[in-house]
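> Enclosed is the structure file input-v4.tsv (TSV, C-alpha atoms).
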```tsv
chain	number	residue	atom	x	y	z
A	44	GLU	CA	19.49	90.76	-92.79
A	45	TYR	CA	16.08	89.85	-91.44
A	46	ALA	CA	14.17	90.78	-88.29
A	47	THR	CA	11.76	88.11	-87.09
A	48	LYS	CA	9.69	87.50	-83.98
A	49	GLY	CA	7.29	84.65	-83.43
A	50	GLN	CA	7.69	83.34	-86.97
A	51	VAL	CA	8.91	80.30	-88.85
A	52	TRP	CA	10.99	81.23	-91.93
A	53	ALA	CA	11.87	79.18	-94.99
A	54	PHE	CA	14.74	80.06	-97.33
A	55	GLY	CA	15.40	78.92	-100.90
A	56	THR	CA	12.90	77.92	-103.56
A	57	ALA	CA	9.70	76.02	-102.89
A	58	SER	CA	11.28	72.82	-104.19
A	59	ASP	CA	14.33	73.35	-101.94
A	60	VAL	CA	12.20	73.71	-98.85
A	61	SER	CA	9.82	70.82	-99.50
A	62	SER	CA	12.52	68.27	-100.38
A	63	GLY	CA	14.68	66.39	-97.91
A	64	SER	CA	13.96	65.51	-94.29
A	65	TRP	CA	14.98	66.79	-90.87
A	66	ALA	CA	13.03	64.62	-88.47
A	67	MET	CA	14.07	65.94	-85.06
A	68	PHE	CA	16.37	68.29	-83.15
A	69	ARG	CA	19.74	68.40	-84.95
A	70	GLN	CA	18.49	65.95	-87.61
A	71	ASP	CA	18.53	62.61	-85.76
A	72	ALA	CA	18.93	60.93	-82.39
A	73	VAL	CA	22.72	61.00	-82.83
A	74	ARG	CA	22.38	64.80	-83.23
A	75	SER	CA	24.59	64.67	-86.34
A	76	SER	CA	23.27	68.03	-87.63
A	77	ILE	CA	24.04	66.85	-91.17
A	78	GLY	CA	21.56	67.40	-94.00
A	79	ASN	CA	21.54	65.75	-97.41
A	80	ASP	CA	21.03	68.99	-99.30
A	81	GLY	CA	20.21	72.66	-98.89
A	82	PRO	CA	19.05	75.76	-100.75
A	83	GLU	CA	21.20	77.28	-103.46
A	84	ASN	CA	20.31	80.76	-102.23
A	85	LEU	CA	18.95	82.38	-99.08
A	86	THR	CA	15.96	84.08	-100.66
A	87	VAL	CA	12.92	83.98	-98.38
A	88	ALA	CA	10.43	81.45	-99.74
A	89	TRP	CA	7.77	82.18	-97.10
A	90	SER	CA	7.24	83.08	-93.45
A	91	PHE	CA	4.56	81.86	-91.07
A	92	ALA	CA	3.54	83.91	-88.03
A	93	THR	CA	2.50	82.45	-84.68
A	94	ASP	CA	1.22	84.30	-81.63
A	95	GLY	CA	4.37	83.72	-79.57
A	96	ALA	CA	8.12	83.42	-79.80
A	97	VAL	CA	9.42	80.41	-81.75
A	98	THR	CA	12.46	78.90	-80.03
A	99	SER	CA	11.53	75.34	-80.98
A	100	SER	CA	13.67	74.14	-83.90
A	101	PRO	CA	11.44	73.06	-86.81
A	102	SER	CA	11.41	69.51	-88.13
A	103	VAL	CA	10.68	68.79	-91.80
A	104	VAL	CA	9.24	65.45	-92.95
A	105	ASN	CA	7.36	64.58	-96.15
A	106	GLY	CA	7.00	68.19	-97.21
A	107	VAL	CA	5.61	69.40	-93.87
A	108	VAL	CA	7.29	71.72	-91.35
A	109	TYR	CA	6.52	70.99	-87.68
A	110	ALA	CA	7.32	73.49	-84.92
A	111	GLY	CA	6.20	74.56	-81.47
A	112	SER	CA	5.58	78.10	-80.26
A	113	GLN	CA	5.40	79.90	-76.96
A	114	ASP	CA	1.75	80.52	-77.82
A	115	MET	CA	1.32	76.91	-76.59
A	116	ASN	CA	0.55	75.47	-80.04
A	117	VAL	CA	2.22	72.87	-82.22
A	118	TYR	CA	2.05	73.81	-85.91
A	119	ALA	CA	2.18	71.82	-89.13
A	120	VAL	CA	2.88	74.04	-92.15
A	121	ASP	CA	3.17	73.17	-95.84
A	122	ALA	CA	6.89	73.32	-96.60
A	123	ALA	CA	6.34	74.50	-100.18
A	124	THR	CA	3.82	77.28	-99.54
A	125	GLY	CA	3.96	78.15	-95.84
A	126	SER	CA	0.22	77.60	-95.45
A	127	LEU	CA	-1.20	76.13	-92.23
A	128	ILE	CA	-2.14	72.45	-92.35
A	129	TRP	CA	-3.10	72.05	-88.70
A	130	LYS	CA	-2.30	73.29	-85.20
A	131	PHE	CA	-2.72	71.66	-81.81
A	132	ALA	CA	-3.04	73.46	-78.48
A	133	THR	CA	-1.07	72.16	-75.49
A	134	GLY	CA	-1.34	73.40	-71.92
A	135	GLY	CA	1.96	75.28	-71.82
A	136	THR	CA	4.53	77.19	-73.83
A	137	ILE	CA	6.73	75.07	-76.11
A	138	GLU	CA	10.50	75.34	-76.37
A	139	SER	CA	11.13	71.66	-77.02
A	140	SER	CA	11.71	70.67	-80.67
A	141	PRO	CA	9.50	67.99	-82.24
A	142	ALA	CA	10.60	64.53	-83.34
A	143	VAL	CA	8.62	63.16	-86.29
A	144	VAL	CA	8.87	59.38	-86.58
A	145	ASN	CA	6.58	56.72	-88.07
A	146	GLY	CA	3.81	59.20	-88.79
A	147	LYS	CA	3.77	60.61	-85.26
A	148	VAL	CA	4.89	63.98	-83.88
A	149	TYR	CA	6.46	63.79	-80.41
A	150	ILE	CA	7.01	67.02	-78.50
A	151	GLY	CA	7.32	68.27	-74.93
A	152	SER	CA	5.42	71.22	-73.50
A	153	ASP	CA	6.04	73.38	-70.44
A	154	ASP	CA	2.86	71.90	-68.97
A	155	GLY	CA	5.02	68.86	-68.15
A	156	TYR	CA	3.57	66.49	-70.74
A	157	VAL	CA	5.04	64.69	-73.72
A	158	TYR	CA	2.52	64.77	-76.57
A	159	CYS	CA	2.12	62.31	-79.41
A	160	LEU	CA	0.16	63.75	-82.35
A	161	ASP	CA	-0.81	62.27	-85.68
A	162	ALA	CA	1.51	63.83	-88.25
A	163	VAL	CA	-1.16	64.05	-90.96
A	164	ASP	CA	-4.06	65.74	-89.19
A	165	GLY	CA	-2.69	66.70	-85.76
A	166	TYR	CA	-5.13	64.77	-83.59
A	167	LEU	CA	-3.96	63.73	-80.11
A	168	VAL	CA	-2.83	60.11	-79.99
A	169	TRP	CA	-1.74	60.30	-76.35
A	170	LYS	CA	-0.05	62.51	-73.80
A	171	THR	CA	1.90	61.42	-70.74
A	172	PHE	CA	3.11	63.39	-67.73
A	173	VAL	CA	6.85	63.19	-67.10
A	174	ASN	CA	7.40	65.63	-64.26
A	175	GLY	CA	7.69	62.97	-61.59
A	176	ASP	CA	6.26	64.00	-58.22
A	177	LEU	CA	6.46	67.75	-58.69
A	178	PRO	CA	3.21	69.38	-57.60
A	179	VAL	CA	1.25	70.93	-60.45
A	180	THR	CA	0.85	74.41	-58.99
A	181	SER	CA	1.47	77.89	-60.31
A	182	GLY	CA	4.56	78.12	-58.15
A	183	ALA	CA	6.15	74.89	-59.37
A	184	ALA	CA	8.62	74.74	-62.25
A	185	VAL	CA	6.39	72.45	-64.29
A	186	MET	CA	8.43	72.63	-67.46
A	187	LEU	CA	9.89	70.32	-70.06
A	188	ARG	CA	12.72	71.72	-72.19
A	189	SER	CA	14.62	68.67	-73.42
A	190	SER	CA	13.82	67.69	-77.02
A	191	PRO	CA	12.83	64.04	-77.53
A	192	ALA	CA	15.14	61.57	-79.26
A	193	VAL	CA	13.47	58.53	-80.82
A	194	VAL	CA	15.30	55.33	-81.73
A	195	ASP	CA	13.37	52.23	-82.77
A	196	LYS	CA	10.58	51.85	-80.19
A	197	LEU	CA	12.04	54.06	-77.47
A	198	LEU	CA	11.60	57.78	-76.87
A	199	TYR	CA	14.19	59.40	-74.61
A	200	ILE	CA	13.49	62.72	-72.93
A	201	GLY	CA	14.72	64.62	-69.90
A	202	SER	CA	12.72	66.78	-67.53
A	203	VAL	CA	13.31	69.61	-65.10
A	204	ASP	CA	12.28	67.17	-62.37
A	205	GLY	CA	15.85	65.83	-62.66
A	206	ASN	CA	14.90	62.55	-64.33
A	207	LEU	CA	15.77	60.94	-67.65
A	208	TYR	CA	12.89	58.97	-69.13
A	209	ALA	CA	12.77	56.15	-71.67
A	210	LEU	CA	9.23	55.59	-72.97
A	211	ASN	CA	8.15	52.64	-75.08
A	212	VAL	CA	6.41	54.17	-78.12
A	213	ASP	CA	6.27	50.97	-80.18
A	214	PRO	CA	3.85	51.84	-83.04
A	215	ARG	CA	2.40	48.32	-82.83
A	216	GLU	CA	1.10	49.04	-79.32
A	217	GLU	CA	-2.08	51.04	-78.77
A	218	GLY	CA	-2.71	53.64	-76.09
A	219	ALA	CA	-0.33	55.65	-73.93
A	220	PRO	CA	3.32	54.60	-73.82
A	221	SER	CA	4.71	52.44	-71.07
A	222	LEU	CA	7.65	53.59	-68.99
A	223	GLU	CA	10.64	51.47	-70.01
A	224	TRP	CA	12.87	53.02	-67.35
A	225	ARG	CA	13.51	56.23	-65.46
A	226	VAL	CA	16.84	57.42	-64.07
A	227	ALA	CA	17.24	60.05	-61.36
A	228	VAL	CA	19.92	62.44	-62.63
A	229	GLY	CA	19.37	64.96	-59.84
A	230	TYR	CA	19.50	68.00	-62.11
A	231	PRO	CA	17.34	69.22	-65.02
A	232	VAL	CA	18.30	67.45	-68.26
A	233	SER	CA	18.78	69.78	-71.20
A	234	ARG	CA	20.37	67.72	-74.00
A	235	ILE	CA	20.15	64.09	-75.12
A	236	ARG	CA	22.16	62.20	-77.73
A	237	ILE	CA	21.89	58.51	-78.65
A	238	ALA	CA	24.98	56.88	-80.17
A	239	ASP	CA	27.11	53.75	-80.15
A	240	ILE	CA	30.18	55.48	-78.75
A	241	ASP	CA	32.20	52.38	-77.88
A	242	GLY	CA	31.58	50.46	-81.10
A	243	ASP	CA	29.95	47.42	-79.48
A	244	GLY	CA	26.80	47.67	-81.59
A	245	LEU	CA	24.68	48.90	-78.67
A	246	ASP	CA	23.52	52.48	-78.25
A	247	GLU	CA	24.47	54.60	-75.27
A	248	VAL	CA	22.44	57.54	-73.97
A	249	ILE	CA	24.52	60.69	-73.51
A	250	ILE	CA	22.95	63.58	-71.62
A	251	ALA	CA	23.96	67.05	-70.51
A	252	SER	CA	22.43	68.30	-67.28
A	253	GLN	CA	22.32	71.72	-65.70
A	254	ASP	CA	25.07	70.95	-63.21
A	255	SER	CA	27.55	71.28	-66.13
A	256	THR	CA	28.01	67.52	-66.25
A	257	VAL	CA	27.83	64.94	-69.03
A	258	ARG	CA	26.50	61.51	-68.10
A	259	ILE	CA	26.51	58.33	-70.17
A	260	TYR	CA	24.02	55.49	-69.65
A	261	ASP	CA	23.59	52.13	-71.30
A	262	GLY	CA	20.38	51.17	-73.06
A	263	LEU	CA	18.84	49.91	-69.83
A	264	GLY	CA	19.49	53.12	-67.91
A	265	ALA	CA	22.56	52.00	-65.97
A	266	GLU	CA	25.05	54.83	-65.47
A	267	LEU	CA	28.41	54.18	-67.14
A	268	THR	CA	30.38	57.44	-66.94
A	269	ILE	CA	30.16	60.94	-65.46
A	270	LEU	CA	32.28	63.68	-67.04
A	271	GLN	CA	32.87	67.31	-66.26
A	272	PRO	CA	33.59	68.92	-69.65
A	273	ALA	CA	35.40	71.92	-68.18
A	274	ASP	CA	38.39	69.81	-67.14
A	275	GLY	CA	37.58	66.42	-68.67
A	276	GLU	CA	37.69	64.75	-65.27
A	277	CYS	CA	35.99	61.39	-65.15
A	278	LEU	CA	33.99	61.15	-61.93
A	279	ALA	CA	32.77	57.57	-62.34
```
Transcribe the structure of this file into structure tokens.

Amino acid sequence: EYATKGQVWAFGTASDVSSGSWAMFRQDAVRSSIGNDGPENLTVAWSFATDGAVTSSPSVVNGVVYAGSQDMNVYAVDAATGSLIWKFATGGTIESSPAVVNGKVYIGSDDGYVYCLDAVDGYLVWKTFVNGDLPVTSGAAVMLRSSPAVVDKLLYIGSVDGNLYALNVDPREEGAPSLEWRVAVGYPVSRIRIADIDGDGLDEVIIASQDSTVRIYDGLGAELTILQPADGECLA
């Protein structure tokens, strides 16, 4: 039994921790939560302390652990040793989990921005504001809690402004991402999953919002279905 606060923990041996990959929240954009391997024991390999609570789920890619903290920083830590590689300061606390794809770290901060950082050295590639028309004041809920899902060139993320965003993060393009589409959900979006649920070879975007509703959109942002999980009623 372990007591931890504001720390990232690694269990197993150094080789256990540094092998394999877990690129984003719940492993992938489908949110399969399935890993290829795991430690043979739960011995603590290392722990890394931040200056705030860590509710962001770590991602592990190429032997590096990436995580956000409520101390407003994004951290990259050596998966074998637990030593700091780099950290990057955002303008707000971080509860969103990072997605690490094509050498970039994508993460949302409670300052209302999505950040793209270089995975190797942590420098800022771009940041883009996704809080719609909410005023940036101390009294506004300028927060971003949904964890990004990245498939091919698109990054999907929800915001407390009640919108679902699809950003074009094509690595061949330079500069800030373009907005592919934005859908007004009407309620803060807390979970996103990308999957071909009808078997037609095209991905759908499945979201959970804070009105206890599941919505399904096609790849262009058109709403297909609205479900209330409590009773399974299909509303559209």
> Which of these residues is nearest to A:Asp154, using all atoms listed in the file: A:Gln113, A:Asn105, A:Ser233, A:Thr136?
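Between A:Gln113, A:Asn105, A:Ser233, A:Thr136, the residue approaching A:Asp154 most closely is A:Thr136.
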> In Å, how far is it from atom CA of A:Pro231 to atom CA of A:Ala192?
16.3 Å
> If we count all atoms listed in the file, what is near A:Glu247 at a cut-off of 7 Å, once residues fewer than 5 positions away on the same chain are taken out, given as a list in words?
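Everything that qualifies: Ile237, Ala238, Asp239, Ile240, Ile259, Tyr260, Asp261 and Gly262 of chain A.
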> Show me, as number ranges by chain, the residues that have an atom within 7 Å of A:Pro101 when counting only C-alpha atoms, minus same-chain residues fewer than 5 positions from it.
A: 108-110, 140
> Hey, what's within 8 Å of A:Tyr118 if we count only C-alpha atoms and toss same-chain stuff fewer than 5 positions away? As number ranges by chain, please?
A: 108-112, 127-131
> In Å, with one decimal, what is the gap from atom CA of A:Ile150 to atom CA of A:Thr268?
27.8 Å
> Excluding A:Tyr149 and residues on its chain fewer than 6 positions from it, collect all residues at most 6 Å away from it, counting only C-alpha atoms, and give them as a list in words.
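Final neighbour list, sorted by chain and number: Pro141, Ala142, Tyr158 and Cys159 of chain A.
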> Mind pulling up the distance from atom CA of A:Asn206 to atom CA of A:Arg225?
6.6 Å
> List as number ranges by chain the residues having at least one atom at most 12 Å from position (13.7, 70.4, -66.5) as given in the file, counting only C-alpha atoms.
A: 138-139, 151-156, 173-175, 177, 183-190, 200-208, 228-234, 251-254
> Once you've located stretch 92-126 of chain A in the structure I gave, write it as an mmCIF file, in the first residue's frame, keeping N, CA and C atoms.

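Once written, result_6.cif looks like this:
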```cif
data_model
loop_
_atom_site.group_PDB
_atom_site.id
_atom_site.type_symbol
_atom_site.label_atom_id
_atom_site.label_comp_id
_atom_site.auth_asym_id
_atom_site.auth_seq_id
_atom_site.Cartn_x
_atom_site.Cartn_y
_atom_site.Cartn_z
ATOM 1 N N ALA A 92 8.387 13.609 -8.115
ATOM 2 C CA ALA A 92 7.515 14.566 -7.434
ATOM 3 C C ALA A 92 7.346 15.834 -8.256
ATOM 4 N N THR A 93 6.096 16.309 -8.339
ATOM 5 C CA THR A 93 5.805 17.622 -8.910
ATOM 6 C C THR A 93 5.345 18.536 -7.774
ATOM 7 N N ASP A 94 5.024 19.763 -8.100
ATOM 8 C CA ASP A 94 4.592 20.719 -7.074
ATOM 9 C C ASP A 94 3.079 20.859 -7.004
ATOM 10 N N GLY A 95 2.363 19.882 -7.555
ATOM 11 C CA GLY A 95 0.903 19.898 -7.514
ATOM 12 C C GLY A 95 0.362 18.499 -7.685
ATOM 13 N N ALA A 96 -0.944 18.359 -7.492
ATOM 14 C CA ALA A 96 -1.578 17.053 -7.659
ATOM 15 C C ALA A 96 -1.453 16.588 -9.112
ATOM 16 N N VAL A 97 -1.293 15.274 -9.295
ATOM 17 C CA VAL A 97 -1.198 14.695 -10.635
ATOM 18 C C VAL A 97 -2.455 13.871 -10.874
ATOM 19 N N THR A 98 -3.400 14.433 -11.617
ATOM 20 C CA THR A 98 -4.606 13.698 -12.008
ATOM 21 C C THR A 98 -4.589 13.394 -13.496
ATOM 22 N N SER A 99 -3.622 13.940 -14.204
ATOM 23 C CA SER A 99 -3.403 13.625 -15.611
ATOM 24 C C SER A 99 -2.810 12.227 -15.718
ATOM 25 N N SER A 100 -3.391 11.369 -16.555
ATOM 26 C CA SER A 100 -2.861 10.025 -16.748
ATOM 27 C C SER A 100 -1.598 10.101 -17.602
ATOM 28 N N PRO A 101 -0.495 9.486 -17.170
ATOM 29 C CA PRO A 101 0.738 9.558 -17.947
ATOM 30 C C PRO A 101 0.628 8.808 -19.272
ATOM 31 N N SER A 102 1.375 9.283 -20.263
ATOM 32 C CA SER A 102 1.574 8.570 -21.509
ATOM 33 C C SER A 102 3.038 8.155 -21.580
ATOM 34 N N VAL A 103 3.313 7.023 -22.200
ATOM 35 C CA VAL A 103 4.680 6.508 -22.293
ATOM 36 C C VAL A 103 4.984 6.195 -23.756
ATOM 37 N N VAL A 104 5.986 6.863 -24.311
ATOM 38 C CA VAL A 104 6.383 6.653 -25.698
ATOM 39 C C VAL A 104 7.900 6.740 -25.796
ATOM 40 N N ASN A 105 8.508 5.746 -26.437
ATOM 41 C CA ASN A 105 9.956 5.736 -26.676
ATOM 42 C C ASN A 105 10.771 5.934 -25.401
ATOM 43 N N GLY A 106 10.325 5.272 -24.337
ATOM 44 C CA GLY A 106 11.088 5.328 -23.099
ATOM 45 C C GLY A 106 10.963 6.607 -22.314
ATOM 46 N N VAL A 107 9.940 7.428 -22.631
ATOM 47 C CA VAL A 107 9.720 8.683 -21.912
ATOM 48 C C VAL A 107 8.291 8.714 -21.381
ATOM 49 N N VAL A 108 8.139 9.148 -20.129
ATOM 50 C CA VAL A 108 6.831 9.304 -19.497
ATOM 51 C C VAL A 108 6.437 10.777 -19.577
ATOM 52 N N TYR A 109 5.238 11.036 -20.106
ATOM 53 C CA TYR A 109 4.729 12.402 -20.220
ATOM 54 C C TYR A 109 3.491 12.547 -19.342
ATOM 55 N N ALA A 110 3.437 13.619 -18.547
ATOM 56 C CA ALA A 110 2.285 13.826 -17.669
ATOM 57 C C ALA A 110 2.140 15.305 -17.357
ATOM 58 N N GLY A 111 0.915 15.700 -17.051
ATOM 59 C CA GLY A 111 0.652 17.060 -16.608
ATOM 60 C C GLY A 111 0.409 17.091 -15.114
ATOM 61 N N SER A 112 0.527 18.262 -14.524
ATOM 62 C CA SER A 112 0.342 18.426 -13.088
ATOM 63 C C SER A 112 -0.476 19.676 -12.814
ATOM 64 N N GLN A 113 -1.093 19.710 -11.647
ATOM 65 C CA GLN A 113 -1.818 20.912 -11.261
ATOM 66 C C GLN A 113 -0.886 22.043 -10.861
ATOM 67 N N ASP A 114 0.425 21.812 -10.952
ATOM 68 C CA ASP A 114 1.367 22.923 -10.792
ATOM 69 C C ASP A 114 1.565 23.681 -12.106
ATOM 70 N N MET A 115 0.726 23.344 -13.110
ATOM 71 C CA MET A 115 0.663 24.014 -14.407
ATOM 72 C C MET A 115 1.724 23.550 -15.395
ATOM 73 N N ASN A 116 2.527 22.561 -15.039
ATOM 74 C CA ASN A 116 3.611 22.110 -15.908
ATOM 75 C C ASN A 116 3.297 20.786 -16.587
ATOM 76 N N VAL A 117 3.858 20.624 -17.787
ATOM 77 C CA VAL A 117 3.911 19.336 -18.465
ATOM 78 C C VAL A 117 5.317 18.789 -18.252
ATOM 79 N N TYR A 118 5.402 17.509 -17.876
ATOM 80 C CA TYR A 118 6.695 16.900 -17.568
ATOM 81 C C TYR A 118 7.013 15.768 -18.526
ATOM 82 N N ALA A 119 8.295 15.667 -18.887
ATOM 83 C CA ALA A 119 8.829 14.500 -19.587
ATOM 84 C C ALA A 119 9.896 13.888 -18.685
ATOM 85 N N VAL A 120 9.707 12.612 -18.345
ATOM 86 C CA VAL A 120 10.567 11.936 -17.371
ATOM 87 C C VAL A 120 11.104 10.662 -18.001
ATOM 88 N N ASP A 121 12.368 10.363 -17.764
ATOM 89 C CA ASP A 121 12.969 9.129 -18.260
ATOM 90 C C ASP A 121 12.259 7.931 -17.637
ATOM 91 N N ALA A 122 11.712 7.057 -18.479
ATOM 92 C CA ALA A 122 10.917 5.944 -17.966
ATOM 93 C C ALA A 122 11.755 4.914 -17.226
ATOM 94 N N ALA A 123 13.038 4.839 -17.512
ATOM 95 C CA ALA A 123 13.894 3.857 -16.850
ATOM 96 C C ALA A 123 14.392 4.342 -15.497
ATOM 97 N N THR A 124 14.660 5.644 -15.373
ATOM 98 C CA THR A 124 15.299 6.157 -14.165
ATOM 99 C C THR A 124 14.432 7.105 -13.351
ATOM 100 N N GLY A 125 13.410 7.693 -13.952
ATOM 101 C CA GLY A 125 12.590 8.671 -13.253
ATOM 102 C C GLY A 125 13.207 10.051 -13.199
ATOM 103 N N SER A 126 14.261 10.289 -13.958
ATOM 104 C CA SER A 126 14.910 11.600 -13.955
ATOM 105 C C SER A 126 14.217 12.541 -14.938
#
```
